[in-house]
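So this block is work22.cif, mmCIF, C-alpha atoms:
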```cif
data_data
#
loop_
_atom_site.group_PDB
_atom_site.id
_atom_site.type_symbol
_atom_site.label_atom_id
_atom_site.label_comp_id
_atom_site.auth_asym_id
_atom_site.auth_seq_id
_atom_site.Cartn_x
_atom_site.Cartn_y
_atom_site.Cartn_z
ATOM 1 C CA MET N 1 -8.030 43.261 -12.432
ATOM 2 C CA GLY N 2 -4.464 43.142 -11.081
ATOM 3 C CA VAL N 3 -1.011 42.430 -12.418
ATOM 4 C CA PHE N 4 1.737 40.481 -10.641
ATOM 5 C CA VAL N 5 5.185 41.143 -12.108
ATOM 6 C CA MET N 6 7.575 38.264 -11.519
ATOM 7 C CA GLY N 7 11.361 38.130 -11.681
ATOM 8 C CA GLU N 8 13.451 38.579 -14.780
ATOM 9 C CA GLY N 9 12.668 36.013 -17.455
ATOM 10 C CA MET N 10 9.256 35.169 -15.990
ATOM 11 C CA ALA N 11 5.920 36.198 -17.446
ATOM 12 C CA SER N 12 3.680 38.735 -15.724
ATOM 13 C CA MET N 13 0.467 37.282 -14.329
ATOM 14 C CA GLU N 14 -2.687 39.277 -14.826
ATOM 15 C CA VAL N 15 -5.563 38.366 -12.551
ATOM 16 C CA GLU N 16 -8.954 38.953 -14.121
ATOM 17 C CA TRP N 17 -12.427 38.237 -12.845
ATOM 18 C CA LEU N 18 -14.231 35.958 -15.288
ATOM 19 C CA GLY N 19 -17.829 34.816 -15.220
ATOM 20 C CA LEU N 20 -18.402 31.129 -14.544
ATOM 21 C CA ASP N 21 -19.951 30.954 -17.991
ATOM 22 C CA GLU N 22 -16.666 32.175 -19.481
ATOM 23 C CA ILE N 23 -14.588 29.271 -18.172
ATOM 24 C CA LYS N 24 -15.117 25.539 -18.398
ATOM 25 C CA PRO N 25 -13.695 22.400 -16.776
ATOM 26 C CA TYR N 26 -11.294 20.216 -18.733
ATOM 27 C CA ALA N 27 -13.409 17.372 -20.098
ATOM 28 C CA PHE N 28 -10.733 14.721 -19.489
ATOM 29 C CA ASN N 29 -9.604 15.852 -16.034
ATOM 30 C CA PRO N 30 -8.064 12.690 -14.481
ATOM 31 C CA ARG N 31 -8.530 13.913 -10.915
ATOM 32 C CA ASN N 32 -11.742 13.363 -8.933
ATOM 33 C CA ASN N 33 -12.024 16.126 -6.333
ATOM 34 C CA LYS N 34 -15.653 15.727 -5.305
ATOM 35 C CA GLU N 35 -14.761 14.917 -1.690
ATOM 36 C CA SER N 36 -12.811 18.191 -1.424
ATOM 37 C CA ILE N 37 -15.512 20.570 -2.650
ATOM 38 C CA THR N 38 -17.201 21.091 0.723
ATOM 39 C CA TYR N 39 -13.896 21.964 2.398
ATOM 40 C CA VAL N 40 -12.986 24.427 -0.345
ATOM 41 C CA VAL N 41 -16.441 26.007 -0.074
ATOM 42 C CA ASN N 42 -15.843 26.492 3.655
ATOM 43 C CA SER N 43 -12.392 27.918 3.005
ATOM 44 C CA ILE N 44 -13.719 30.479 0.517
ATOM 45 C CA LYS N 45 -16.516 31.465 2.879
ATOM 46 C CA GLU N 46 -14.051 31.954 5.738
ATOM 47 C CA PHE N 47 -11.045 33.480 3.975
ATOM 48 C CA GLY N 48 -12.293 34.641 0.591
ATOM 49 C CA PHE N 49 -11.300 33.475 -2.884
ATOM 50 C CA ARG N 50 -7.521 33.867 -2.462
ATOM 51 C CA ASN N 51 -6.229 31.390 -5.047
ATOM 52 C CA PRO N 52 -7.058 32.242 -8.689
ATOM 53 C CA ILE N 53 -8.130 29.575 -11.151
ATOM 54 C CA ILE N 54 -5.641 29.049 -13.973
ATOM 55 C CA VAL N 55 -7.124 28.727 -17.460
ATOM 56 C CA ASP N 56 -5.734 28.415 -20.969
ATOM 57 C CA ARG N 57 -6.314 30.919 -23.756
ATOM 58 C CA ASP N 58 -9.727 29.353 -24.486
ATOM 59 C CA GLY N 59 -10.915 29.527 -20.888
ATOM 60 C CA THR N 60 -10.486 25.806 -20.172
ATOM 61 C CA ILE N 61 -9.349 25.153 -16.611
ATOM 62 C CA ILE N 62 -5.763 24.037 -16.144
ATOM 63 C CA ALA N 63 -5.656 24.220 -12.340
ATOM 64 C CA GLY N 64 -8.576 24.955 -10.051
ATOM 65 C CA HIS N 65 -11.381 22.518 -10.866
ATOM 66 C CA THR N 66 -12.314 22.185 -7.189
ATOM 67 C CA ARG N 67 -12.364 25.954 -6.718
ATOM 68 C CA TYR N 68 -14.593 26.223 -9.802
ATOM 69 C CA GLU N 69 -17.076 23.699 -8.358
ATOM 70 C CA ALA N 70 -16.966 25.454 -4.990
ATOM 71 C CA ALA N 71 -17.750 28.771 -6.688
ATOM 72 C CA LYS N 72 -20.801 27.170 -8.309
ATOM 73 C CA HIS N 73 -21.999 25.929 -4.926
ATOM 74 C CA LEU N 74 -21.615 29.465 -3.572
ATOM 75 C CA HIS N 75 -23.535 30.907 -6.540
ATOM 76 C CA MET N 76 -20.678 33.215 -7.409
ATOM 77 C CA ASP N 77 -21.021 35.159 -10.649
ATOM 78 C CA LYS N 78 -17.299 35.700 -11.227
ATOM 79 C CA VAL N 79 -14.033 34.212 -9.975
ATOM 80 C CA PRO N 80 -10.401 35.424 -10.142
ATOM 81 C CA CYS N 81 -8.491 33.774 -12.980
ATOM 82 C CA ILE N 82 -5.057 33.808 -14.570
ATOM 83 C CA ARG N 83 -4.722 33.026 -18.276
ATOM 84 C CA ALA N 84 -1.642 30.914 -19.016
ATOM 85 C CA GLU N 85 -1.557 31.985 -22.646
ATOM 86 C CA ASP N 86 2.206 31.536 -22.976
ATOM 87 C CA LEU N 87 2.099 27.757 -22.459
ATOM 88 C CA THR N 88 2.109 25.265 -25.312
ATOM 89 C CA GLU N 89 -0.552 22.550 -25.493
ATOM 90 C CA GLU N 90 1.935 20.019 -24.156
ATOM 91 C CA GLN N 91 2.913 22.306 -21.274
ATOM 92 C CA VAL N 92 -0.747 22.856 -20.414
ATOM 93 C CA LYS N 93 -1.364 19.106 -20.221
ATOM 94 C CA ALA N 94 1.796 18.527 -18.188
ATOM 95 C CA PHE N 95 1.030 21.451 -15.855
ATOM 96 C CA ARG N 96 -2.483 20.144 -15.263
ATOM 97 C CA LEU N 97 -1.096 16.768 -14.166
ATOM 98 C CA ALA N 98 1.849 18.171 -12.207
ATOM 99 C CA ASP N 99 -0.328 20.618 -10.260
ATOM 100 C CA ASN N 100 -2.327 17.689 -8.890
ATOM 101 C CA LYS N 101 0.609 15.352 -8.367
ATOM 102 C CA VAL N 102 3.258 17.407 -6.568
ATOM 103 C CA GLY N 103 1.095 18.004 -3.496
ATOM 104 C CA GLU N 104 1.010 14.265 -2.814
ATOM 105 C CA TYR N 105 4.627 14.407 -1.672
ATOM 106 C CA SER N 106 3.935 16.860 1.148
ATOM 107 C CA LEU N 107 3.666 15.403 4.652
ATOM 108 C CA TRP N 108 2.412 16.867 7.907
ATOM 109 C CA THR N 109 5.035 17.003 10.654
ATOM 110 C CA ASP N 110 4.537 16.732 14.400
ATOM 111 C CA MET N 111 4.263 20.521 14.497
ATOM 112 C CA LEU N 112 0.703 20.157 13.160
ATOM 113 C CA GLY N 113 -0.590 19.329 16.617
ATOM 114 C CA PHE N 114 1.103 22.390 18.083
ATOM 115 C CA GLU N 115 -0.326 24.703 15.404
ATOM 116 C CA LEU N 116 -3.846 23.314 15.680
ATOM 117 C CA LYS N 117 -3.862 23.527 19.465
ATOM 118 C CA GLY N 118 -3.553 27.311 19.386
ATOM 119 C CA LEU N 119 -6.633 27.795 17.197
ATOM 120 C CA THR N 120 -10.166 28.439 18.399
ATOM 121 C CA MET N 121 -11.583 28.153 14.876
ATOM 122 C CA ASP N 122 -13.356 24.902 14.001
ATOM 123 C CA MET N 123 -10.780 23.274 11.709
ATOM 124 C CA THR N 124 -12.888 20.210 11.002
ATOM 125 C CA LYS N 125 -14.720 22.226 8.350
ATOM 126 C CA PHE N 126 -11.452 22.315 6.414
ATOM 127 C CA GLY N 127 -10.877 18.575 6.608
ATOM 128 C CA PHE N 128 -9.043 18.214 9.930
ATOM 129 C CA ASN N 129 -11.390 15.527 11.217
ATOM 130 C CA ASP N 130 -8.993 13.541 13.407
ATOM 131 C CA LEU N 131 -7.961 16.246 15.884
ATOM 132 C CA ALA N 132 -8.586 13.958 18.815
ATOM 133 C CA GLU N 133 -5.776 11.721 17.533
ATOM 134 C CA THR N 134 -3.320 14.588 16.989
ATOM 135 C CA PRO N 135 -0.531 14.282 19.579
ATOM 136 C CA GLU N 136 0.442 17.262 21.687
ATOM 137 C CA VAL N 137 3.820 18.571 20.555
ATOM 138 C CA LYS N 138 5.978 21.230 22.180
ATOM 139 C CA PRO N 139 8.337 23.360 20.082
ATOM 140 C CA VAL N 140 12.022 22.542 20.485
ATOM 141 C CA GLN N 141 12.900 25.933 21.979
ATOM 142 C CA GLU N 142 10.632 25.223 24.982
ATOM 143 C CA LEU N 143 12.320 21.924 25.847
ATOM 144 C CA ASN N 144 14.783 22.953 28.553
ATOM 145 C CA GLU N 145 15.078 19.544 30.149
ATOM 146 C CA MET N 146 14.866 15.894 29.286
ATOM 147 C CA GLU N 147 11.169 15.084 29.362
ATOM 148 C CA LEU N 148 11.282 11.371 28.713
ATOM 149 C CA LYS N 149 9.311 9.593 31.421
ATOM 150 C CA GLN N 150 10.094 6.165 32.790
ATOM 151 C CA PHE N 151 7.967 3.420 31.236
ATOM 152 C CA GLU N 152 6.563 5.865 28.655
ATOM 153 C CA HIS N 153 6.631 4.379 25.167
ATOM 154 C CA TYR N 154 7.988 6.252 22.151
ATOM 155 C CA ASP N 155 8.236 5.033 18.584
ATOM 156 C CA TYR N 156 11.092 7.442 17.948
ATOM 157 C CA ILE N 157 13.109 10.218 19.606
ATOM 158 C CA VAL N 158 14.652 13.135 17.723
ATOM 159 C CA PHE N 159 17.563 15.144 19.155
ATOM 160 C CA VAL N 160 18.101 18.580 17.612
ATOM 161 C CA PHE N 161 21.648 19.992 17.604
ATOM 162 C CA ARG N 162 21.860 23.723 16.971
ATOM 163 C CA ASN N 163 25.515 23.879 15.990
ATOM 164 C CA GLU N 164 28.196 21.685 14.413
ATOM 165 C CA GLY N 165 30.223 21.462 17.605
ATOM 166 C CA LEU N 166 27.447 19.832 19.613
ATOM 167 C CA TRP N 167 26.627 17.535 16.722
ATOM 168 C CA SER N 168 30.278 16.420 16.382
ATOM 169 C CA GLU N 169 30.493 15.795 20.118
ATOM 170 C CA ALA N 170 27.373 13.649 20.040
ATOM 171 C CA VAL N 171 28.749 11.604 17.127
ATOM 172 C CA THR N 172 31.966 11.033 19.081
ATOM 173 C CA ARG N 173 30.291 10.234 22.419
ATOM 174 C CA PHE N 174 27.992 7.639 20.856
ATOM 175 C CA GLY N 175 30.695 6.200 18.595
ATOM 176 C CA LEU N 176 28.583 6.680 15.480
ATOM 177 C CA GLU N 177 30.201 5.612 12.213
ATOM 178 C CA ASP N 178 27.553 5.703 9.498
ATOM 179 C CA VAL N 179 25.865 9.045 10.123
ATOM 180 C CA GLU N 180 23.056 10.359 7.934
ATOM 181 C CA ILE N 181 22.210 14.031 8.377
ATOM 182 C CA ASN N 182 18.487 14.658 8.055
ATOM 183 C CA GLU N 183 17.360 18.170 7.177
ATOM 184 C CA GLY N 184 13.677 18.015 8.057
ATOM 185 C CA LYS N 185 12.773 15.214 5.654
ATOM 186 C CA THR N 186 12.002 12.508 8.217
ATOM 187 C CA ARG N 187 8.856 10.493 7.597
ATOM 188 C CA LYS N 188 8.567 8.829 10.982
ATOM 189 C CA THR N 189 5.056 8.095 12.175
ATOM 190 C CA GLY N 190 3.723 7.232 15.603
ATOM 191 C CA LEU N 191 4.322 8.746 19.036
ATOM 192 C CA GLY N 192 7.609 10.616 19.274
ATOM 193 C CA ARG N 193 9.487 13.242 21.215
ATOM 194 C CA VAL N 194 11.706 16.088 20.018
ATOM 195 C CA LEU N 195 14.481 17.021 22.460
ATOM 196 C CA ASP N 196 17.242 19.577 22.553
ATOM 197 C CA GLY N 197 20.565 17.850 21.817
ATOM 198 C CA LYS N 198 22.423 20.332 24.022
ATOM 199 C CA VAL N 199 20.605 18.987 27.077
ATOM 200 C CA LEU N 200 21.644 15.463 26.131
ATOM 201 C CA ILE N 201 25.327 16.463 25.923
ATOM 202 C CA GLU N 202 25.159 18.335 29.215
ATOM 203 C CA LYS N 203 23.705 15.307 30.994
ATOM 204 C CA LEU N 204 26.364 13.042 29.509
ATOM 205 C CA ASN N 205 29.124 15.410 30.624
ATOM 206 C CA LYS N 206 27.826 15.347 34.211
ATOM 207 C CA LYS N 207 28.349 11.590 34.408
#
```

Show me the file's structure as structure tokens.
Amino acid sequence: MGVFVMGEGMASMEVEWLGLDEIKPYAFNPRNNKESITYVVNSIKEFGFRNPIIVDRDGTIIAGHTRYEAAKHLHMDKVPCIRAEDLTEEQVKAFRLADNKVGEYSLWTDMLGFELKGLTMDMTKFGFNDLAETPEVKPVQELNEMELKQFEHYDYIVFVFRNEGLWSEAVTRFGLEDVEINEGKTRKTGLGRVLDGKVLIEKLNKK
């Protein structure tokens, strides 16, 4: 058993190991996670049970149905749980829905290919089944020159400017009027290239 003490105004979270017979799935769970069970089983086997199941005061699961099913597949006797006893019935229902919904708004960036490339572990057992289609991506700090090749097709090109001065100069040089600053929220898909904006300015200044 362990206790996590949060910031002021937030409840402490006590992690306790409960038997699988002491907790139960929510009978009206609107989320079907059957396709995820195998991947969660593999994750627990590889990394351990690192994410506690959240239950209400009666032991009914609020968040963690897939982890519960994975634990059954692994024939575990007990699993780490957190009792959300301070939540009202309405909050429990809303939390159960929100916990499943908010993750849908997360998107992988082009950095996924770079991160996966450095791993020797078989990531397909965690659901990364399309690695062959993952484009090779270099981090921005390693791009010391323009690497666009003649006749090479790109669906988009991103220039990164590390300070306001370079950014302002680029806006002026290209005569941009309606400028939208994007802070990492782009949802472009396809083949792209990330380039250092400083190199672009330097090449323009040489002309």

Can you tell me, as JSON, the centre and edge lengths (Å, one decimal) of the axis-aligned box enclosing all of stretch 51-54 of chain N's listed atoms after padding each side by 4 Å?
```
{"center_x": -6.9, "center_y": 30.6, "center_z": -9.5, "size_x": 10.5, "size_y": 11.2, "size_z": 16.9}
```

- Message: Given all atoms listed in the file as the basis, pick out the residue of N:Glu69, N:Asp56, N:Glu14, N:Asp122 nearest to N:Ser36.
- Response: N:Glu69

Apply the PyMOL selection byres ((chain N and resi 59) around 8) to the structure shown and report the selected residues as a PDB file with C-alpha atoms, in the coordinates of the input.
```
ATOM      1  CA  GLU N  22     -16.666  32.175 -19.481  1.00  0.00           C
ATOM      2  CA  ILE N  23     -14.588  29.271 -18.172  1.00  0.00           C
ATOM      3  CA  LYS N  24     -15.117  25.539 -18.398  1.00  0.00           C
ATOM      4  CA  VAL N  55      -7.124  28.727 -17.460  1.00  0.00           C
ATOM      5  CA  ASP N  56      -5.734  28.415 -20.969  1.00  0.00           C
ATOM      6  CA  ARG N  57      -6.314  30.919 -23.756  1.00  0.00           C
ATOM      7  CA  ASP N  58      -9.727  29.353 -24.486  1.00  0.00           C
ATOM      8  CA  THR N  60     -10.486  25.806 -20.172  1.00  0.00           C
ATOM      9  CA  ILE N  61      -9.349  25.153 -16.611  1.00  0.00           C
ATOM     10  CA  ARG N  83      -4.722  33.026 -18.276  1.00  0.00           C
TER      11      ARG N  83
END
```

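The interatomic distance for the pair atom CA of N:His73 and atom CA of N:Gly103 works out to 24.5 Å.
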